[in-house]
>>> print(open('work_31.cif').read())   # mmCIF, C-alpha atoms
data_structure
#
loop_
_atom_site.group_PDB
_atom_site.id
_atom_site.type_symbol
_atom_site.label_atom_id
_atom_site.label_comp_id
_atom_site.auth_asym_id
_atom_site.auth_seq_id
_atom_site.Cartn_x
_atom_site.Cartn_y
_atom_site.Cartn_z
ATOM 1 C CA MET A 16 -91.542 -59.468 -32.980
ATOM 2 C CA VAL A 17 -91.305 -58.948 -29.220
ATOM 3 C CA ARG A 18 -94.219 -61.320 -28.664
ATOM 4 C CA LEU A 19 -92.568 -63.965 -30.816
ATOM 5 C CA ILE A 20 -89.295 -63.732 -28.862
ATOM 6 C CA ALA A 21 -91.176 -63.865 -25.554
ATOM 7 C CA SER A 22 -93.114 -66.930 -26.710
ATOM 8 C CA LEU A 23 -89.899 -68.688 -27.774
ATOM 9 C CA VAL A 24 -88.230 -67.886 -24.442
ATOM 10 C CA GLY A 25 -91.272 -69.181 -22.564
ATOM 11 C CA ALA A 26 -91.398 -72.361 -24.652
ATOM 12 C CA ALA A 27 -87.686 -72.952 -24.061
ATOM 13 C CA PHE A 28 -88.160 -72.453 -20.326
ATOM 14 C CA VAL A 29 -91.026 -74.946 -20.235
ATOM 15 C CA LEU A 30 -88.978 -77.422 -22.288
ATOM 16 C CA VAL A 31 -86.027 -77.194 -19.888
ATOM 17 C CA LEU A 32 -88.328 -77.697 -16.892
ATOM 18 C CA GLY A 33 -89.914 -80.708 -18.597
ATOM 19 C CA ILE A 34 -86.520 -82.266 -19.306
ATOM 20 C CA ALA A 35 -85.400 -81.682 -15.706
ATOM 21 C CA LEU A 36 -88.611 -83.180 -14.354
ATOM 22 C CA PHE A 37 -88.323 -86.208 -16.636
ATOM 23 C CA GLY A 38 -84.711 -86.706 -15.567
ATOM 24 C CA SER A 39 -85.605 -86.503 -11.862
ATOM 25 C CA VAL A 40 -88.508 -88.947 -12.179
ATOM 26 C CA SER A 41 -86.606 -91.428 -14.326
ATOM 27 C CA GLY A 42 -83.602 -91.216 -11.972
ATOM 28 C CA ALA A 43 -85.792 -91.900 -8.954
ATOM 29 C CA ILE A 44 -87.246 -94.954 -10.712
ATOM 30 C CA THR A 45 -84.064 -96.421 -12.132
ATOM 31 C CA ASP A 46 -81.735 -95.441 -9.288
ATOM 32 C CA PRO A 47 -83.783 -95.080 -6.058
ATOM 33 C CA ALA A 48 -82.177 -93.632 -2.944
ATOM 34 C CA ALA A 49 -80.553 -96.138 -0.640
ATOM 35 C CA PRO A 50 -82.673 -97.044 2.404
ATOM 36 C CA THR A 51 -81.703 -95.448 5.702
ATOM 37 C CA ALA A 52 -82.210 -96.517 9.286
ATOM 38 C CA GLU A 53 -84.585 -93.601 9.783
ATOM 39 C CA SER A 54 -86.791 -94.534 6.828
ATOM 40 C CA GLU A 55 -86.868 -98.234 7.727
ATOM 41 C CA TYR A 56 -87.316 -98.100 11.502
ATOM 42 C CA HIS A 57 -89.203 -94.881 12.169
ATOM 43 C CA HIS A 58 -92.704 -95.675 13.480
ATOM 44 C CA HIS A 59 -95.923 -93.778 12.881
ATOM 45 C CA PRO A 60 -97.530 -92.650 16.187
ATOM 46 C CA LYS A 61 -100.064 -95.006 17.734
ATOM 47 C CA GLU A 62 -103.717 -94.004 17.910
ATOM 48 C CA LEU A 63 -104.596 -92.046 21.050
ATOM 49 C CA ASP A 64 -108.151 -92.055 22.338
ATOM 50 C CA ILE A 65 -108.798 -88.868 24.319
ATOM 51 C CA ALA A 66 -112.030 -86.944 24.846
ATOM 52 C CA SER A 67 -111.019 -83.981 22.656
ATOM 53 C CA ASN A 68 -110.635 -86.092 19.502
ATOM 54 C CA GLY A 69 -113.003 -85.641 16.570
ATOM 55 C CA VAL A 70 -115.510 -82.966 15.585
ATOM 56 C CA PHE A 71 -117.588 -83.651 18.717
ATOM 57 C CA GLY A 72 -114.522 -83.575 20.982
ATOM 58 C CA ARG A 73 -114.710 -81.948 24.404
ATOM 59 C CA PHE A 74 -112.066 -81.718 27.096
ATOM 60 C CA ASP A 75 -112.189 -84.039 30.089
ATOM 61 C CA ARG A 76 -111.373 -81.638 32.951
ATOM 62 C CA ARG A 77 -110.336 -84.402 35.332
ATOM 63 C CA GLN A 78 -107.926 -85.783 32.763
ATOM 64 C CA LEU A 79 -106.523 -82.308 32.079
ATOM 65 C CA GLN A 80 -105.875 -81.820 35.783
ATOM 66 C CA ARG A 81 -104.090 -85.163 35.951
ATOM 67 C CA GLY A 82 -102.056 -84.164 32.895
ATOM 68 C CA PHE A 83 -101.144 -80.870 34.537
ATOM 69 C CA GLN A 84 -99.981 -82.796 37.602
ATOM 70 C CA VAL A 85 -97.696 -84.906 35.394
ATOM 71 C CA TYR A 86 -96.344 -81.767 33.732
ATOM 72 C CA LYS A 87 -95.796 -80.108 37.118
ATOM 73 C CA GLU A 88 -94.025 -83.054 38.755
ATOM 74 C CA VAL A 89 -92.122 -84.451 35.774
ATOM 75 C CA CYS A 90 -91.917 -82.178 32.732
ATOM 76 C CA ALA A 91 -91.606 -78.726 34.318
ATOM 77 C CA ALA A 92 -88.046 -79.417 35.439
ATOM 78 C CA CYS A 93 -86.882 -79.025 31.812
ATOM 79 C CA HIS A 94 -89.754 -77.766 29.650
ATOM 80 C CA SER A 95 -91.466 -74.392 29.738
ATOM 81 C CA LEU A 96 -95.063 -73.342 28.993
ATOM 82 C CA ARG A 97 -94.319 -69.759 28.037
ATOM 83 C CA LEU A 98 -97.707 -69.149 26.348
ATOM 84 C CA VAL A 99 -99.817 -70.344 29.283
ATOM 85 C CA ALA A 100 -100.631 -68.250 32.362
ATOM 86 C CA PHE A 101 -101.404 -69.695 35.783
ATOM 87 C CA ARG A 102 -104.892 -68.166 35.680
ATOM 88 C CA ASP A 103 -105.648 -70.209 32.554
ATOM 89 C CA LEU A 104 -105.838 -73.246 34.847
ATOM 90 C CA GLN A 105 -109.275 -72.052 35.928
ATOM 91 C CA LYS A 106 -110.489 -73.176 32.473
ATOM 92 C CA ILE A 107 -109.670 -76.779 33.337
ATOM 93 C CA GLY A 108 -111.524 -76.795 36.649
ATOM 94 C CA TYR A 109 -109.227 -75.233 39.240
ATOM 95 C CA THR A 110 -110.750 -72.593 41.507
ATOM 96 C CA GLU A 111 -109.272 -69.115 41.920
ATOM 97 C CA PRO A 112 -107.796 -69.893 45.374
ATOM 98 C CA GLU A 113 -106.283 -73.110 43.999
ATOM 99 C CA VAL A 114 -104.704 -71.215 41.130
ATOM 100 C CA LYS A 115 -103.250 -68.640 43.540
ATOM 101 C CA ALA A 116 -101.785 -71.448 45.628
ATOM 102 C CA ILE A 117 -100.325 -73.227 42.580
ATOM 103 C CA ALA A 118 -98.729 -69.992 41.383
ATOM 104 C CA SER A 119 -97.237 -68.973 44.727
ATOM 105 C CA GLN A 120 -95.929 -72.480 45.459
ATOM 106 C CA TRP A 121 -94.401 -73.013 42.018
ATOM 107 C CA VAL A 122 -90.769 -74.000 42.487
ATOM 108 C CA ILE A 123 -89.421 -71.665 39.782
ATOM 109 C CA GLU A 124 -90.025 -68.009 40.551
ATOM 110 C CA GLN A 125 -90.489 -65.083 38.186
ATOM 111 C CA PRO A 126 -87.373 -63.121 37.163
ATOM 112 C CA SER A 127 -87.470 -59.611 38.593
ATOM 113 C CA ILE A 128 -85.325 -56.648 39.620
ATOM 114 C CA ASN A 129 -84.649 -55.576 43.166
ATOM 115 C CA PRO A 130 -86.042 -52.006 43.253
ATOM 116 C CA GLU A 131 -83.574 -50.957 45.953
ATOM 117 C CA THR A 132 -80.335 -52.235 44.413
ATOM 118 C CA GLY A 133 -81.239 -52.758 40.757
ATOM 119 C CA GLU A 134 -79.808 -56.256 40.963
ATOM 120 C CA PRO A 135 -81.508 -59.223 39.293
ATOM 121 C CA ALA A 136 -83.893 -60.987 41.650
ATOM 122 C CA THR A 137 -86.924 -63.255 41.670
ATOM 123 C CA ARG A 138 -90.422 -63.019 43.115
ATOM 124 C CA LYS A 139 -93.316 -65.343 43.809
ATOM 125 C CA ASN A 140 -95.597 -66.088 40.889
ATOM 126 C CA ILE A 141 -99.088 -64.613 40.723
ATOM 127 C CA PRO A 142 -102.031 -65.915 38.649
ATOM 128 C CA SER A 143 -101.490 -63.411 35.829
ATOM 129 C CA ASP A 144 -97.907 -64.607 35.308
ATOM 130 C CA ARG A 145 -97.063 -67.097 32.623
ATOM 131 C CA PHE A 146 -95.291 -70.289 33.614
ATOM 132 C CA PRO A 147 -91.622 -69.364 34.117
ATOM 133 C CA SER A 148 -88.852 -71.083 32.206
ATOM 134 C CA PRO A 149 -86.803 -73.561 34.263
ATOM 135 C CA PHE A 150 -83.619 -72.051 32.802
ATOM 136 C CA ALA A 151 -82.330 -68.492 32.734
ATOM 137 C CA ASN A 152 -81.497 -68.629 29.015
ATOM 138 C CA GLU A 153 -80.689 -70.979 26.142
ATOM 139 C CA VAL A 154 -77.048 -71.342 27.187
ATOM 140 C CA ALA A 155 -78.063 -72.511 30.651
ATOM 141 C CA ALA A 156 -80.642 -74.880 29.177
ATOM 142 C CA ARG A 157 -78.113 -76.504 26.858
ATOM 143 C CA ALA A 158 -75.501 -76.715 29.597
ATOM 144 C CA ALA A 159 -77.903 -78.655 31.798
ATOM 145 C CA ASN A 160 -79.060 -81.014 29.034
ATOM 146 C CA ASN A 161 -75.968 -82.272 27.235
ATOM 147 C CA ASN A 162 -76.144 -79.382 24.751
ATOM 148 C CA ALA A 163 -79.755 -80.229 23.821
ATOM 149 C CA LEU A 164 -82.382 -77.475 24.067
ATOM 150 C CA PRO A 165 -85.620 -78.671 25.712
ATOM 151 C CA PRO A 166 -88.465 -77.265 23.578
ATOM 152 C CA ASP A 167 -91.306 -75.199 24.963
ATOM 153 C CA LEU A 168 -94.423 -77.379 25.241
ATOM 154 C CA SER A 169 -97.129 -74.728 24.843
ATOM 155 C CA LEU A 170 -97.821 -75.564 21.190
ATOM 156 C CA MET A 171 -96.091 -78.928 20.954
ATOM 157 C CA THR A 172 -99.177 -80.872 19.884
ATOM 158 C CA LYS A 173 -99.838 -78.336 17.119
ATOM 159 C CA ALA A 174 -96.214 -78.289 15.994
ATOM 160 C CA ARG A 175 -95.955 -82.060 15.564
ATOM 161 C CA HIS A 176 -97.842 -84.222 13.098
ATOM 162 C CA ASP A 177 -100.459 -86.336 14.921
ATOM 163 C CA GLY A 178 -100.302 -83.968 17.910
ATOM 164 C CA GLY A 179 -101.187 -85.690 21.162
ATOM 165 C CA ALA A 180 -100.702 -89.138 19.616
ATOM 166 C CA TYR A 181 -97.092 -88.204 18.836
ATOM 167 C CA VAL A 182 -96.447 -87.047 22.408
ATOM 168 C CA HIS A 183 -97.985 -90.210 23.865
ATOM 169 C CA SER A 184 -96.073 -92.515 21.501
ATOM 170 C CA LEU A 185 -92.807 -90.697 22.166
ATOM 171 C CA LEU A 186 -93.203 -90.952 25.945
ATOM 172 C CA THR A 187 -94.027 -94.658 25.815
ATOM 173 C CA GLY A 188 -91.707 -95.561 22.923
ATOM 174 C CA TYR A 189 -88.286 -95.734 24.571
ATOM 175 C CA GLN A 190 -86.658 -99.131 24.028
ATOM 176 C CA ALA A 191 -83.369 -100.881 23.403
ATOM 177 C CA GLN A 192 -82.017 -100.467 19.895
ATOM 178 C CA PRO A 193 -83.042 -103.524 17.824
ATOM 179 C CA ALA A 194 -80.204 -105.909 16.950
ATOM 180 C CA LYS A 195 -81.652 -106.212 13.432
ATOM 181 C CA LEU A 196 -81.189 -102.472 12.902
ATOM 182 C CA LEU A 197 -77.514 -102.691 13.786
ATOM 183 C CA GLN A 198 -77.085 -105.684 11.469
ATOM 184 C CA GLU A 199 -78.558 -103.748 8.535
ATOM 185 C CA PHE A 200 -77.059 -100.364 9.437
ATOM 186 C CA PRO A 201 -73.883 -100.838 11.512
ATOM 187 C CA ASP A 202 -73.190 -97.091 11.510
ATOM 188 C CA ALA A 203 -76.583 -96.286 13.036
ATOM 189 C CA LYS A 204 -75.697 -97.196 16.619
ATOM 190 C CA THR A 205 -77.259 -94.782 19.089
ATOM 191 C CA PRO A 206 -74.531 -92.310 20.160
ATOM 192 C CA GLU A 207 -73.464 -91.969 23.766
ATOM 193 C CA GLY A 208 -75.807 -89.663 25.647
ATOM 194 C CA LEU A 209 -78.769 -90.240 23.332
ATOM 195 C CA HIS A 210 -81.682 -92.653 23.675
ATOM 196 C CA TYR A 211 -83.294 -94.848 21.039
ATOM 197 C CA ASN A 212 -86.928 -94.052 20.304
ATOM 198 C CA PRO A 213 -88.517 -95.183 17.007
ATOM 199 C CA TYR A 214 -91.154 -92.436 17.199
ATOM 200 C CA PHE A 215 -88.536 -89.673 17.075
ATOM 201 C CA ALA A 216 -87.622 -88.430 13.599
ATOM 202 C CA ASN A 217 -83.988 -89.589 13.585
ATOM 203 C CA LEU A 218 -84.546 -92.446 16.072
ATOM 204 C CA ASN A 219 -82.194 -90.975 18.700
ATOM 205 C CA ILE A 220 -83.387 -88.398 21.200
ATOM 206 C CA ALA A 221 -81.442 -86.465 23.819
ATOM 207 C CA MET A 222 -84.255 -86.526 26.393
ATOM 208 C CA PRO A 223 -83.996 -89.496 28.781
ATOM 209 C CA PRO A 224 -87.252 -91.403 29.397
ATOM 210 C CA PRO A 225 -89.221 -89.012 31.648
ATOM 211 C CA LEU A 226 -91.842 -91.577 32.722
ATOM 212 C CA THR A 227 -90.056 -94.715 33.795
ATOM 213 C CA SER A 228 -92.323 -96.544 36.253
ATOM 214 C CA ASP A 229 -95.911 -96.860 37.408
ATOM 215 C CA GLY A 230 -96.736 -94.677 40.395
ATOM 216 C CA GLN A 231 -94.210 -91.997 39.482
ATOM 217 C CA VAL A 232 -97.005 -89.476 40.068
ATOM 218 C CA THR A 233 -99.711 -89.970 42.695
ATOM 219 C CA TYR A 234 -103.034 -88.792 41.306
ATOM 220 C CA ALA A 235 -105.301 -86.860 43.632
ATOM 221 C CA ASP A 236 -108.437 -88.456 42.152
ATOM 222 C CA GLY A 237 -107.239 -92.014 42.765
ATOM 223 C CA THR A 238 -106.658 -92.955 39.107
ATOM 224 C CA LYS A 239 -104.039 -95.684 38.737
ATOM 225 C CA PRO A 240 -100.872 -93.896 37.518
ATOM 226 C CA THR A 241 -99.449 -96.354 35.007
ATOM 227 C CA VAL A 242 -96.863 -95.095 32.529
ATOM 228 C CA ASP A 243 -99.442 -95.330 29.744
ATOM 229 C CA GLN A 244 -102.053 -93.447 31.810
ATOM 230 C CA MET A 245 -99.633 -90.668 32.752
ATOM 231 C CA SER A 246 -98.506 -90.360 29.120
ATOM 232 C CA THR A 247 -102.120 -90.167 27.946
ATOM 233 C CA ASP A 248 -103.040 -87.560 30.541
ATOM 234 C CA VAL A 249 -100.102 -85.252 29.847
ATOM 235 C CA SER A 250 -100.774 -85.593 26.100
ATOM 236 C CA ALA A 251 -104.366 -84.492 26.702
ATOM 237 C CA PHE A 252 -103.138 -81.557 28.808
ATOM 238 C CA LEU A 253 -100.706 -80.426 26.082
ATOM 239 C CA THR A 254 -103.519 -80.725 23.534
ATOM 240 C CA TRP A 255 -105.407 -78.218 25.678
ATOM 241 C CA THR A 256 -102.431 -75.833 26.050
ATOM 242 C CA ALA A 257 -102.052 -75.786 22.261
ATOM 243 C CA GLU A 258 -105.746 -75.216 21.571
ATOM 244 C CA PRO A 259 -107.609 -74.081 24.701
ATOM 245 C CA ASN A 260 -110.532 -72.739 22.630
ATOM 246 C CA LEU A 261 -111.212 -76.061 20.887
ATOM 247 C CA GLU A 262 -114.678 -76.452 22.455
ATOM 248 C CA ALA A 263 -115.690 -72.910 21.497
ATOM 249 C CA ARG A 264 -114.469 -73.492 17.954
ATOM 250 C CA HIS A 265 -116.492 -76.692 17.691
ATOM 251 C CA ALA A 266 -119.593 -74.916 19.042
ATOM 252 C CA ALA A 267 -119.162 -72.053 16.565
ATOM 253 C CA GLY A 268 -118.792 -74.551 13.739
ATOM 254 C CA PHE A 269 -122.001 -76.373 14.656
ATOM 255 C CA ALA A 270 -123.871 -73.061 15.006
ATOM 256 C CA SER A 271 -122.662 -72.013 11.558
ATOM 257 C CA ILE A 272 -123.770 -75.309 10.003
ATOM 258 C CA ILE A 273 -127.225 -75.044 11.607
ATOM 259 C CA PHE A 274 -127.546 -71.440 10.397
ATOM 260 C CA ILE A 275 -126.605 -72.433 6.853
ATOM 261 C CA LEU A 276 -129.121 -75.295 6.845
ATOM 262 C CA ILE A 277 -131.920 -73.030 8.111
ATOM 263 C CA PHE A 278 -130.957 -70.346 5.585
ATOM 264 C CA CYS A 279 -130.988 -72.873 2.732
ATOM 265 C CA GLY A 280 -134.409 -74.106 3.864
ATOM 266 C CA LEU A 281 -135.800 -70.550 3.969
ATOM 267 C CA ALA A 282 -134.263 -69.730 0.585
ATOM 268 C CA TRP A 283 -135.789 -72.853 -0.952
ATOM 269 C CA GLY A 284 -139.198 -72.012 0.546
ATOM 270 C CA ALA A 285 -138.959 -68.434 -0.771
ATOM 271 C CA TYR A 286 -138.025 -69.753 -4.209
ATOM 272 C CA GLN A 287 -141.008 -72.076 -4.249
ATOM 273 C CA ASN A 288 -143.339 -69.294 -3.124
ATOM 274 C CA VAL A 289 -142.134 -66.712 -5.677
ATOM 275 C CA TRP A 290 -142.246 -69.094 -8.646
ATOM 276 C CA ARG A 291 -145.240 -71.218 -7.635
ATOM 277 C CA ASP A 292 -147.497 -69.820 -10.410
ATOM 278 C CA VAL A 293 -144.909 -70.035 -13.143
ATOM 279 C CA LYS A 294 -144.994 -73.096 -15.379
ATOM 280 C CA HIS A 295 -141.618 -74.640 -16.151
#
>>> encode(input="work_31.cif", output="structure tokens")
Amino acid sequence: MVRLIASLVGAAFVLVLGIALFGSVSGAITDPAAPTAESEYHHHPKELDIASNGVFGRFDRRQLQRGFQVYKEVCAACHSLRLVAFRDLQKIGYTEPEVKAIASQWVIEQPSINPETGEPATRKNIPSDRFPSPFANEVAARAANNNALPPDLSLMTKARHDGGAYVHSLLTGYQAQPAKLLQEFPDAKTPEGLHYNPYFANLNIAMPPPLTSDGQVTYADGTKPTVDQMSTDVSAFLTWTAEPNLEARHAAGFASIIFILIFCGLAWGAYQNVWRDVKH
């Protein structure tokens, strides 16, 4: 009797779910949601060709250093890299003395405590320190950025779909709001203090265009610093900060594949040897 009641309850539950699903599907077909400015004018990120792309991808150290220079001179004023230490820069080609110099000369110092008075203080960065935040706390960050909170960039390319391509498209995608958009969606005018960017989820972003002209950064290696080049380089650098062990992971993957192929070959040879005298 208990089994019968349980079966009936289960069947009723499935029936209700089926009716709800049918109603949702039929409603979506017969009465689709009205189009929005976001759905009509949001753009998919453009393809980005950097050395770390693909299963054979490897980091271009010179490009990573250029990207770090863009971060240092442009992005670091608002965005932190709280998961990256100064000494990690040795992995992208900087020497130990260079890293020490970068750390000690970094504009933002490490929060500390004065041992004599117990008062809050700051000290010079050392290689083992992580990159300090440009703001003391979230309140200070919002106060300096029109109530918008600049995100940490350590894992940005892992946190956003299309990773580095998204960052590059966002940095190069600022433009005037299309007149056609305002004709179709009069209420979608970009609010005061925001900036139109079709690669941002809701089309309007609080961050002003950070890269506005060619030559904004002077590269030490002589590469021409166009806006597109600077955007590409900093996207490559943030790809590295999000996955610094990418090359090791690729190497481990290839080693595993080679091992499996050799193992399969040996297993097949052993099979043939053991059963060579047996007629099938």
>>> resolve_selection(input="work_31.cif", expression="the PyMOL selection byres ((chain A and resi 162-166) around 9)", output="PyMOL selection string")
chain A and resi 93-95+153-154+156-161+167-168+171+221-222
>>> closest_atom_pairs(input="work_31.cif", of="stretch 54-75 of chain A", to="stretch 103-119 of chain A", cutoff="12 Å", atoms="all atoms listed in the file", output="JSON lines")
{"residue": "A:Arg73", "atom": "CA", "partner": "A:Ile107", "partner_atom": "CA", "distance": 11.5}
{"residue": "A:Phe74", "atom": "CA", "partner": "A:Ile107", "partner_atom": "CA", "distance": 8.3}
{"residue": "A:Asp75", "atom": "CA", "partner": "A:Ile107", "partner_atom": "CA", "distance": 8.3}
>>> closest_residue(input="work_31.cif", among="A:Leu281, A:Ala49, A:Val182, A:Ala235", to="A:Ser250", atoms="only C-alpha atoms")
A:Val182
>>> closest_residue(input="work_31.cif", among="A:Tyr214, A:Trp290, A:Tyr189, A:Phe252", to="A:His57", atoms="all atoms listed in the file")
A:Tyr214
>>> residues_around(input="work_31.cif", residues="A:Ala191", least_positions_apart="2", cutoff="9 Å", atoms="all atoms listed in the file", output="ChimeraX atom specification")
/A:189,193-194,210-212
>>> residues_around(input="work_31.cif", residues="stretch 195-201 of chain A", least_positions_apart="6", cutoff="8 Å", atoms="all atoms listed in the file", output="short mmCIF file (atom, residue, chain, number, x, y, z; two decimals) with C-alpha atoms, keeping the file's coordinate frame")
data_model
loop_
_atom_site.label_atom_id
_atom_site.label_comp_id
_atom_site.auth_asym_id
_atom_site.auth_seq_id
_atom_site.Cartn_x
_atom_site.Cartn_y
_atom_site.Cartn_z
CA THR A 51 -81.70 -95.45 5.70
CA ALA A 52 -82.21 -96.52 9.29
CA TYR A 56 -87.32 -98.10 11.50
#
>>> resolve_selection(input="work_31.cif", expression="the PyMOL selection byres ((chain A and resi 66) around 12)", output="list in words")
Leu63, Asp64, Ile65, Ser67, Asn68, Gly69, Val70, Phe71, Gly72, Arg73, Phe74, Asp75, Arg76, Arg77, Gln78, Leu79, Gly179, Thr247, Asp248, Ser250, Ala251, Phe252, Thr254, Trp255, Leu261 and Glu262 of chain A
>>> atom_distance(input="work_31.cif", atom1="atom CA of A:Thr187", atom2="atom CA of A:Leu253")
15.7 Å
>>> atom_distance(input="work_31.cif", atom1="atom CA of A:Leu98", atom2="atom CA of A:Ala257")
8.9 Å
>>> closest_residue(input="work_31.cif", among="A:Gln231, A:Gln190, A:Asn129, A:Asn217", to="A:Ala203", atoms="all atoms listed in the file")
A:Asn217
>>> axis_aligned_box(input="work_31.cif", around="stretch 275-290 of chain A", padding_each_side="6 Å", output="JSON")
{"center_x": -135.0, "center_y": -71.0, "center_z": -0.3, "size_x": 28.7, "size_y": 20.6, "size_z": 28.8}
>>> atom_distance(input="work_31.cif", atom1="atom CA of A:Tyr86", atom2="atom CA of A:Gly208")
23.4 Å
>>> residues_around(input="work_31.cif", residues="A:Glu258", least_positions_apart="5", cutoff="10 Å", atoms="all atoms listed in the file", output="list of chain:residue names")
A:Ser169, A:Leu170, A:Thr172, A:Lys173, A:Phe252, A:Leu253, A:Arg264
